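Below is one structure, written out as structure tokens; comments come after it.
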Amino acid sequence: MMKKYRIWLLAPLLLTACDNNSAAKPTAEAGESRQHGAELQNLIRQVKNNLVFVQGGEFLMGDFGREYGPEKMQLDTEKDSKPLHKVTLSSYSISKFKTTNQEYQLYLKLNNLQLKKEDNSLSQKLADALNTLPDTPAHMDWYDAEKYCAWLGKVSGLPFALPTEAQWEYAARSRGQFFIVGTNSGVLEMDGIQRGIN
């Protein structure tokens with residue numbers, strides 16, 4: 001009976017010794033893991049720095065052009081933007097910028113994922129060209145964007161999600177003001193020319 005106890009007592013010591021030996025010798029994988037950890041921390045820091053707090057409130061969502069626009073005409077032909085309706089939102093934060101290729105491709109690399117391939121060669125060539133520009137907005141479908149946000153929430157500890165249409169419109173219209181374009185003045189400004197609607 002005593003021999004059985006000795007074996008059970010020695011087994012944890014042997015396993016501990018194995019763990020200590022592997023930690024004592026740094027490997028290429030350990031260096032790569034540290035690099036990935038640093039890249040991830042930089043991404044989280046950058047994403048947090050780009051968040052803008054949006055105070056919640058009520059606004060009229062949809063095509064406000066006929067009632068409140070400067071030209072008193074409808075702004076779009078989309079059925080989804082009609083009728084104009086009141087929406088109440090809680091406060092939230094939203095990124096100042098779209099997710100870049102560099103950010104999205106780091107997520108893919110850290111999770112051993114690949115960019116999706118396009119259905120035809122011309123679309124694939126265009127996608128390949130766009131995906132090589134690090135600061136260009138990343139191209140992904142809604143499902144992949146949702147997965148990216150869920151992952152970002154998990155690694156950052158913050159409640160990340162895609163903005164709802166109401167959240168996006170409220171933020172783009174400076175908390176629901178009757179701005180036709182999402183600029184500080186609500187007017188499209190190009191090369192010193194100001195335009196409401198073109």
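Going by the structure tokens order, chains are called A, B, ..., each with residues numbered from 1, while ligands are numbered from 1 in the order shown.
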**Request:** Give the alpha helix (DSSP H) residues of stretch 47-93 of chain A, as assigned by DSSP on the backbone, as a ChimeraX atom specification.
**Result:** /A:47-49,65-68
Do a neighbour search on A:Lys82 at 8 Å with only C-alpha atoms, toss out local chain neighbours closer than 4 positions, and write the hits as number ranges by chain. A: 62-63, 78
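Computed from the coordinates, the atom CA of A:Leu133 to atom CA of A:Gln102 distance equals 8.0 Å.
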In Å and to one decimal, atom CA of A:Gln55 is distant from atom CA of A:Tyr143 by 27.6 Å
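With only C-alpha atoms as the atoms that count, the minimum distance from A:Gly182 to the choices A:Lys72, A:Ser123, A:Trp168, A:Gly56 is reached by A:Trp168.
Distances to A:Thr136 were evaluated for A:Gln105, A:Lys116, A:Leu158, A:Ser81 using only C-alpha atoms, and the minimum falls at A:Gln105.
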One residue among A:Val54, A:Leu113, A:Leu122, A:Ala127 is nearest to A:Ser90 when using only C-alpha atoms, and that residue is A:Val54
Computed gap from atom CA of A:Leu60 to atom CA of A:Pro137 is 28.9 Å
Practice item. Just the strand (DSSP E or B) stuff from stretch 55-94 of chain A, please, per backbone DSSP, written as a list of chain:residue names. Key: A:Gly57, A:Glu58, A:Phe59, A:Leu60, A:Met61, A:His85, A:Lys86, A:Val87, A:Thr88, A:Leu89, A:Tyr92, A:Ser93, A:Ile94
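Residues in contact range of A:Asn101, defined as at most 9 Å between only C-alpha atoms, with sequence neighbours fewer than 5 positions away removed, read Leu106, Leu130, Asn131, Thr132, Leu133, Pro134, Asp135, Thr136, Pro137, Ala138 and His139 of chain A.
Within 8 Å of A:Phe178, once only C-alpha atoms are used and residues closer than 4 positions along the same chain are dropped, the contacting residues are Phe64, Tyr68, Gly69, Arg173 and Gly186 of chain A.
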